[in-house]
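Here is protein14.txt, consisting of compact mmCIF, C-alpha atoms:
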```
# COMPACT_ATOMS: atom_id res chain seq x y z
CA MET K 1 132.23 116.06 44.07
CA LYS K 2 135.98 116.67 44.06
CA ILE K 3 138.04 114.08 45.94
CA PHE K 4 141.53 114.82 47.27
CA GLU K 5 144.14 112.70 49.03
CA GLN K 6 146.92 115.29 49.16
CA ILE K 7 146.97 118.51 51.17
CA ASP K 8 148.51 120.72 48.51
CA LEU K 9 145.92 119.73 45.89
CA LEU K 10 143.06 120.30 48.34
CA LYS K 11 144.42 123.70 49.33
CA ALA K 12 144.89 124.73 45.69
CA TYR K 13 141.27 123.79 44.97
CA LEU K 14 139.95 125.66 48.02
CA ASN K 15 142.02 128.74 47.23
CA GLU K 16 140.69 128.70 43.69
CA GLN K 17 137.09 128.32 44.85
CA ASN K 18 137.18 130.49 47.92
CA GLN K 19 136.57 133.91 46.42
CA ASN K 20 134.55 135.43 49.27
CA LYS K 21 132.75 132.09 49.69
CA SER K 22 131.84 130.65 53.06
CA VAL K 23 133.28 127.18 53.71
CA GLY K 24 131.64 124.60 55.96
CA PHE K 25 133.56 121.57 57.21
CA VAL K 26 132.41 118.16 58.49
CA PRO K 27 135.23 115.93 59.82
CA THR K 28 134.36 112.21 59.99
CA MET K 29 136.01 108.81 60.31
CA GLY K 30 133.81 107.38 57.56
CA ALA K 31 131.30 104.52 57.75
CA LEU K 32 128.81 107.31 57.12
CA HIS K 33 125.19 107.19 58.26
CA GLU K 34 122.25 109.60 58.36
CA GLY K 35 123.78 111.43 61.31
CA HIS K 36 126.87 112.36 59.31
CA LEU K 37 124.78 113.22 56.27
CA ALA K 38 122.60 115.54 58.35
CA LEU K 39 125.75 117.49 59.29
CA VAL K 40 126.83 117.71 55.65
CA GLU K 41 123.34 118.81 54.57
CA LYS K 42 123.32 121.49 57.29
CA SER K 43 126.64 122.77 56.01
CA ILE K 44 125.39 122.77 52.42
CA GLN K 45 122.38 124.85 53.50
CA GLU K 46 124.49 127.40 55.35
CA ASN K 47 127.64 127.70 53.22
CA ASP K 48 128.75 128.24 49.62
CA LEU K 49 131.17 125.33 49.76
CA THR K 50 131.12 122.17 51.93
CA VAL K 51 134.14 119.99 52.65
CA CYS K 52 133.86 116.58 54.31
CA SER K 53 136.88 114.58 55.48
CA ILE K 54 137.17 110.83 56.04
CA PHE K 55 140.14 109.87 58.18
CA VAL K 56 140.29 107.10 60.79
CA ASN K 57 142.52 108.86 63.29
CA LYS K 58 144.79 106.22 64.79
CA ILE K 59 146.08 108.34 67.68
CA GLN K 60 142.64 108.75 69.26
CA PHE K 61 142.20 105.00 69.71
CA THR K 62 143.25 103.66 73.09
CA PHE K 63 143.45 100.09 71.79
CA GLU K 64 145.01 98.97 68.49
CA GLU K 65 142.28 96.34 68.13
CA ASP K 66 139.56 99.00 68.18
CA PHE K 67 141.35 100.93 65.44
CA ALA K 68 141.67 97.77 63.33
CA LYS K 69 137.98 96.92 63.77
CA TYR K 70 136.66 100.38 62.91
CA PRO K 71 134.41 99.98 59.83
CA ARG K 72 135.80 101.34 56.57
CA THR K 73 133.28 101.77 53.74
CA LEU K 74 134.84 104.38 51.47
CA GLU K 75 133.06 103.48 48.22
CA GLU K 76 129.63 103.61 49.88
CA ASP K 77 130.60 106.82 51.70
CA ILE K 78 131.54 108.52 48.43
CA GLN K 79 128.20 107.54 46.88
CA LEU K 80 126.28 108.91 49.87
CA LEU K 81 128.14 112.23 49.84
CA GLU K 82 127.66 112.63 46.09
CA SER K 83 123.95 111.89 46.44
CA ILE K 84 123.40 114.86 48.76
CA GLY K 85 125.61 117.31 46.88
CA CYS K 86 128.76 117.55 48.96
CA ASN K 87 131.30 119.68 47.09
CA CYS K 88 134.58 118.23 48.26
CA LEU K 89 135.93 115.14 50.06
CA PHE K 90 139.36 114.91 51.71
CA VAL K 91 140.63 111.35 52.27
CA PRO K 92 144.21 111.55 53.56
CA ASP K 93 146.27 108.66 54.94
CA GLN K 94 148.12 108.61 58.29
CA GLN K 95 151.39 109.79 56.72
CA THR K 96 149.67 112.78 55.11
CA ILE K 97 148.15 113.99 58.38
CA TYR K 98 151.12 113.08 60.56
CA PRO K 99 154.33 113.24 58.49
CA GLU K 100 157.57 112.31 60.26
CA GLU K 101 158.48 115.91 60.94
CA TYR K 102 155.06 116.72 62.44
CA ALA K 103 155.12 117.29 66.21
CA LEU K 104 151.95 116.35 68.06
CA LYS K 105 150.56 119.08 70.27
CA ALA K 106 149.62 118.86 73.95
CA TYR K 107 146.46 120.67 75.03
CA ASN K 108 145.74 121.84 78.57
CA LEU K 109 142.12 120.68 78.56
CA GLY K 110 141.66 120.49 82.32
CA ASN K 111 139.36 118.06 84.12
CA ILE K 112 137.11 117.37 81.12
CA GLU K 113 139.95 115.31 79.61
CA HIS K 114 140.06 112.89 82.55
CA VAL K 115 136.41 112.15 83.40
CA LEU K 116 133.84 109.86 81.75
CA GLU K 117 135.13 109.14 78.22
CA GLY K 118 138.54 110.47 79.19
CA LEU K 119 138.77 108.11 82.15
CA TYR K 120 137.96 105.04 80.08
CA ARG K 121 139.92 106.12 77.00
CA PRO K 122 143.16 107.73 78.22
CA GLY K 123 144.79 109.90 75.58
CA HIS K 124 141.64 109.86 73.43
CA PHE K 125 140.87 113.57 73.63
CA GLN K 126 144.46 114.63 72.97
CA GLY K 127 144.22 112.56 69.78
CA VAL K 128 140.89 114.14 68.86
CA CYS K 129 142.19 117.66 69.44
CA ASN K 130 145.33 117.02 67.40
CA VAL K 131 143.46 115.75 64.36
CA VAL K 132 140.74 118.41 64.45
CA HIS K 133 143.32 121.17 64.89
CA ARG K 134 145.33 119.75 61.98
CA LEU K 135 142.28 119.46 59.72
CA LEU K 136 141.10 122.98 60.57
CA ASP K 137 144.53 124.35 59.67
CA ILE K 138 144.38 122.50 56.33
CA VAL K 139 140.78 123.27 55.32
CA GLN K 140 140.52 126.77 56.87
CA PRO K 141 136.70 126.63 57.13
CA HIS K 142 134.42 129.34 58.41
CA GLN K 143 132.08 126.88 60.14
CA LEU K 144 132.69 123.47 61.74
CA TYR K 145 129.78 121.02 62.13
CA LEU K 146 129.74 118.50 65.01
CA GLY K 147 127.09 116.06 66.23
CA LEU K 148 125.93 116.24 69.84
CA LYS K 149 125.84 112.45 70.27
CA ASP K 150 129.51 112.86 71.16
CA TYR K 151 128.67 115.61 73.66
CA GLN K 152 131.91 115.44 75.67
CA GLN K 153 133.92 115.48 72.45
CA CYS K 154 131.99 118.57 71.34
CA LYS K 155 132.87 120.36 74.59
CA VAL K 156 136.52 119.27 74.30
CA ILE K 157 136.82 120.56 70.71
CA GLU K 158 135.11 123.79 71.74
CA LYS K 159 137.73 124.21 74.49
CA MET K 160 140.60 123.38 72.11
CA THR K 161 139.47 126.03 69.63
CA HIS K 162 139.38 128.57 72.47
CA LEU K 163 142.83 127.58 73.77
CA THR K 164 144.33 127.91 70.27
CA SER K 165 142.32 131.01 69.28
CA LEU K 166 140.84 129.03 66.38
CA ASP K 167 137.46 130.17 67.67
CA LYS K 168 138.28 133.64 66.32
CA ARG K 169 137.98 132.36 62.74
CA VAL K 170 135.90 129.16 62.99
CA ALA K 171 132.34 129.05 64.33
CA ILE K 172 131.27 125.68 65.75
CA LYS K 173 127.79 124.48 64.91
CA PHE K 174 126.50 121.75 67.24
CA CYS K 175 123.78 119.61 65.64
CA GLU K 176 121.21 117.39 67.34
CA THR K 177 121.69 113.61 67.53
CA ILE K 178 120.03 111.72 64.69
CA ARG K 179 118.17 108.58 65.81
CA ASN K 180 116.49 105.65 64.11
CA GLU K 181 112.74 105.06 64.39
CA ASP K 182 113.28 103.21 67.69
CA GLY K 183 115.28 106.07 69.20
CA LEU K 184 118.73 104.49 68.93
CA ALA K 185 121.42 107.11 68.29
CA LEU K 186 122.99 106.49 64.90
CA SER K 187 126.62 105.42 65.13
CA SER K 188 129.16 103.79 62.83
CA ARG K 189 129.64 101.21 65.60
CA ASN K 190 126.02 100.08 65.20
CA LYS K 191 127.16 98.23 62.05
CA ARG K 192 128.86 95.68 64.32
CA LEU K 193 125.64 94.76 66.18
CA SER K 194 123.26 91.91 65.35
CA MET K 195 119.55 92.63 64.91
CA ASN K 196 119.02 91.40 68.48
CA GLY K 197 121.76 93.72 69.71
CA LEU K 198 120.28 96.68 67.85
CA ASN K 199 116.88 96.01 69.44
CA LYS K 200 118.36 95.76 72.94
CA ALA K 201 120.48 98.88 72.40
CA THR K 202 117.33 101.05 72.24
CA ALA K 203 117.18 100.64 76.03
CA LEU K 204 119.81 103.40 76.37
CA ILE K 205 117.62 106.28 75.21
CA LYS K 206 114.61 104.88 77.07
CA ILE K 207 116.52 104.80 80.35
CA LEU K 208 118.04 108.24 79.75
CA THR K 209 114.55 109.60 79.08
CA LYS K 210 113.20 107.94 82.22
CA ALA K 211 115.95 109.57 84.31
CA LYS K 212 115.20 112.95 82.75
CA GLU K 213 111.51 112.57 83.58
CA ARG K 214 112.35 111.63 87.17
CA ILE K 215 114.38 114.81 87.58
CA LEU K 216 111.78 117.07 85.97
CA ALA K 217 108.96 115.59 88.07
CA ALA K 218 110.82 115.85 91.39
CA GLU K 219 109.55 118.32 93.97
CA ASN K 220 112.58 117.88 96.26
CA ASP K 221 116.30 117.30 95.88
CA VAL K 222 117.22 114.42 93.58
CA ASP K 223 120.02 112.07 94.65
CA LEU K 224 121.75 111.65 91.30
CA THR K 225 124.14 109.01 92.66
CA LEU K 226 121.18 106.78 93.52
CA LEU K 227 119.50 107.54 90.18
CA SER K 228 122.75 106.61 88.43
CA GLN K 229 122.90 103.29 90.26
CA GLU K 230 119.27 102.46 89.44
CA SER K 231 119.71 103.44 85.79
CA THR K 232 122.91 101.40 85.48
CA GLN K 233 121.14 98.34 86.87
CA ASN K 234 118.28 98.93 84.46
CA ILE K 235 120.68 99.02 81.49
CA LEU K 236 122.27 95.73 82.58
CA GLU K 237 118.86 94.12 83.00
CA ASN K 238 118.07 95.10 79.41
CA GLY K 239 120.85 92.93 78.00
CA PHE K 240 123.98 95.08 78.11
CA ASP K 241 127.25 93.42 79.15
CA SER K 242 128.64 96.35 81.14
CA VAL K 243 128.11 100.04 81.89
CA ASP K 244 131.09 102.39 82.17
CA TYR K 245 129.09 105.30 83.53
CA PHE K 246 125.68 106.91 83.86
CA ALA K 247 126.53 110.46 84.85
CA PHE K 248 125.20 113.98 85.17
CA VAL K 249 127.08 117.14 84.22
CA ASN K 250 126.29 120.86 84.30
CA GLU K 251 126.96 123.36 81.53
CA ASN K 252 130.65 123.58 82.58
CA PHE K 253 130.92 119.79 82.27
CA GLU K 254 131.31 119.36 86.02
CA LEU K 255 130.01 116.10 87.48
CA ILE K 256 127.17 116.65 89.93
CA GLN K 257 125.67 114.28 92.52
CA THR K 258 122.62 116.22 93.71
CA ILE K 259 120.21 118.60 92.04
CA SER K 260 117.74 120.79 93.89
CA ASN K 261 116.57 122.95 91.01
CA ASN K 262 115.13 120.99 88.11
CA ASN K 263 115.35 124.11 85.93
CA GLN K 264 119.14 123.87 86.08
CA PRO K 265 120.63 122.96 82.66
CA LEU K 266 121.90 119.43 82.85
CA THR K 267 123.12 116.69 80.52
CA ILE K 268 122.87 112.99 81.32
CA LEU K 269 125.50 110.81 79.64
CA THR K 270 126.03 107.09 79.48
CA ALA K 271 128.42 104.57 77.93
CA ALA K 272 127.64 100.86 77.85
CA THR K 273 128.81 97.76 75.98
CA ILE K 274 126.65 95.21 74.21
CA GLU K 275 127.90 92.34 72.02
CA GLY K 276 131.40 93.72 72.54
CA VAL K 277 130.41 97.10 71.03
CA ARG K 278 130.70 100.20 73.19
CA LEU K 279 127.89 102.71 72.67
CA ILE K 280 127.45 106.21 74.04
CA ASP K 281 124.39 108.44 74.29
CA ASN K 282 123.15 111.48 76.16
CA ILE K 283 120.08 113.56 76.78
CA LYS K 284 119.78 117.23 77.71
CA ILE K 285 117.53 118.77 80.35
```
Could you show the structure in this file as structure tokens?
Amino acid sequence: MKIFEQIDLLKAYLNEQNQNKSVGFVPTMGALHEGHLALVEKSIQENDLTVCSIFVNKIQFTFEEDFAKYPRTLEEDIQLLESIGCNCLFVPDQQTIYPEEYALKAYNLGNIEHVLEGLYRPGHFQGVCNVVHRLLDIVQPHQLYLGLKDYQQCKVIEKMTHLTSLDKRVAIKFCETIRNEDGLALSSRNKRLSMNGLNKATALIKILTKAKERILAAENDVDLTLLSQESTQNILENGFDSVDYFAFVNENFELIQTISNNNQPLTILTAATIEGVRLIDNIKI
């Protein structure tokens, strides 16, 4: 696996390699787990060349403390990527991605930027869009691989690529959430939980699944506000410290309070904190 820290060296390598080859790209912030590796493996299967990036993007963190605490395990990450056959790793620093002369962009994302994750993490999605846009311009991939655990982020990046016309040259591949044997969605943040916290955290997918089953079994309208309140209480009773939201969105990522047709595509999303670690998860109907 080739490892690059500088943009010009990465570009020279890609230009040299990219003779009618398809390039797949997996952007990450490191602390890699099986979820990340599944994205890289999917790219390897579908492309001639796979590039992974590891960059902890400071501007998408609302709180400096959260940025400082984010796990950094570069040596282990390199070993994992080499073990599955990743072709190329890009590990830039903050100055490389955002040099002094670089002007951050502002994206007109609409309401999706200000609800759920956007409400609790102001500025987060502008930071995400800036770094993904920057990395796509550098790597110039044909396909971009994203994990659906971060469903709202996936929809935001999809919108950004449309707004910037990047979608004309980059196809986005959304990949299913990878879970452990107990159903917990894999996350780099899980590394900060104790064994007790990891066990309690499995309540999220169980409660999401229960809500999904309630909706599918309903013969009449379902009051989603009431279901949200009951599910939130259930999460708290299972050992979580707080719940930011337990919400329902349609395919356009509009929040909905009532559903009368249980065949309507729907995604249930939640964010909750346990042992000081904020976890997110979702389930699709």
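Atom to atom, CA of Ser22 (chain K) and CA of Glu158 (chain K) stand 20.2 Å apart.
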Using only C-alpha atoms, tabulate the residues of region 197-249 of chain K lying at most 8 Å from any atom of region 106-121 of chain K, each with its closest atom pair and that distance in Å to one decimal, by chain and increasing residue number, as JSON lines.
```
{"residue": "K:Asp244", "atom": "CA", "partner": "K:Tyr120", "partner_atom": "CA", "distance": 7.7}
{"residue": "K:Tyr245", "atom": "CA", "partner": "K:Leu116", "partner_atom": "CA", "distance": 6.8}
{"residue": "K:Ala247", "atom": "CA", "partner": "K:Leu116", "partner_atom": "CA", "distance": 8.0}
```
Applying 10 Å and all atoms listed in the file, which residues near Leu32 (chain K) remain after dropping the ones on its own chain fewer than 6 positions away? List them as JSON, numbers by chain.
{"K": [54, 71, 72, 73, 74, 76, 77, 78, 80, 81, 186, 187, 188]}
May I have the residues within 6 Å of region 167-183 of chain K as an MDAnalysis selection string, using only C-alpha atoms and disregarding those fewer than 6 positions away in the same chain?
chainID K and resid 35 142:149 161
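Each of K:Ser231, K:Thr225, K:Gln140, K:Asn252 was compared to Lys159 (chain K) using all atoms listed in the file, and K:Asn252 turns out to be the nearest.
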With all atoms listed in the file as the atoms that count, which of K:Ile59, K:Met195, K:Leu37, K:Leu266 lies nearest to Val132 (chain K)?
K:Ile59
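CA of Lys210 (chain K) lies 13.9 Å from CA of Leu226 (chain K).
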At a cut-off of 10 Å from (126.8, 101.4, 66.2) in the coordinates of the file, what residues are picked up using all atoms listed in the file, written as a ChimeraX atom specification?
/K:33,184-193,197-198,201,277-280
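Closest approach to Leu204 (chain K) among K:Ser165, K:Ser53, K:Gln126, K:Asn282: K:Asn282, based on only C-alpha atoms.
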Who sits within 10 Å of Ile3 (chain K), all atoms listed in the file, same chain under 5 positions skipped, as an mmCIF file with C-alpha atoms, in the frame of the given file:
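Listing of result.cif after writing:
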```cif
data_model
loop_
_atom_site.group_PDB
_atom_site.id
_atom_site.type_symbol
_atom_site.label_atom_id
_atom_site.label_comp_id
_atom_site.auth_asym_id
_atom_site.auth_seq_id
_atom_site.Cartn_x
_atom_site.Cartn_y
_atom_site.Cartn_z
ATOM 1 C CA LEU K 9 145.920 119.730 45.890
ATOM 2 C CA LEU K 10 143.060 120.300 48.340
ATOM 3 C CA VAL K 51 134.140 119.990 52.650
ATOM 4 C CA CYS K 52 133.860 116.580 54.310
ATOM 5 C CA SER K 53 136.880 114.580 55.480
ATOM 6 C CA ILE K 78 131.540 108.520 48.430
ATOM 7 C CA ASN K 87 131.300 119.680 47.090
ATOM 8 C CA CYS K 88 134.580 118.230 48.260
ATOM 9 C CA LEU K 89 135.930 115.140 50.060
ATOM 10 C CA PHE K 90 139.360 114.910 51.710
ATOM 11 C CA VAL K 91 140.630 111.350 52.270
#
```
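Picture a line from CA of Lys212 (chain K) to CA of Pro122 (chain K); it runs 28.8 Å.
Counting only C-alpha atoms, the residue from K:Asp48, K:Asp150, K:Glu5, K:Asp223 that sits nearest to Asn20 (chain K) is K:Asp48.
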Write out as a PyMOL selection string the residues lying within 10 Å of Glu230 (chain K), counting all atoms listed in the file and excluding same-chain residues fewer than 4 positions away.
chain K and resi 207+211+224-226+234-235+246
Surrounding residues of Met160 (chain K) excluding itself and chain neighbours under 4 positions, 7 Å, all atoms listed in the file, as a PyMOL selection string
chain K and resi 129+156+164
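Of the residues under consideration (K:Asp8, K:Thr202, K:Gln17, K:Arg134), K:Arg134 shows the shortest atom-to-atom contact distance to Tyr102 (chain K) when counting all atoms listed in the file.
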Please enclose the listed atoms of region 100-115 of chain K in an axis-aligned box, pad each side by 3 Å, and write out the centre and the three edge lengths in Å, rounded to one decimal, as AutoDock Vina command-line options.
```
--center_x 147.4 --center_y 117.0 --center_z 72.2 --size_x 28.1 --size_y 15.7 --size_z 29.9
```
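You can rank K:Glu100, K:Val40, K:Asn57, K:Phe67 by their closest distance to Ser83 (chain K) using all atoms listed in the file, and at the top of that list sits K:Val40.
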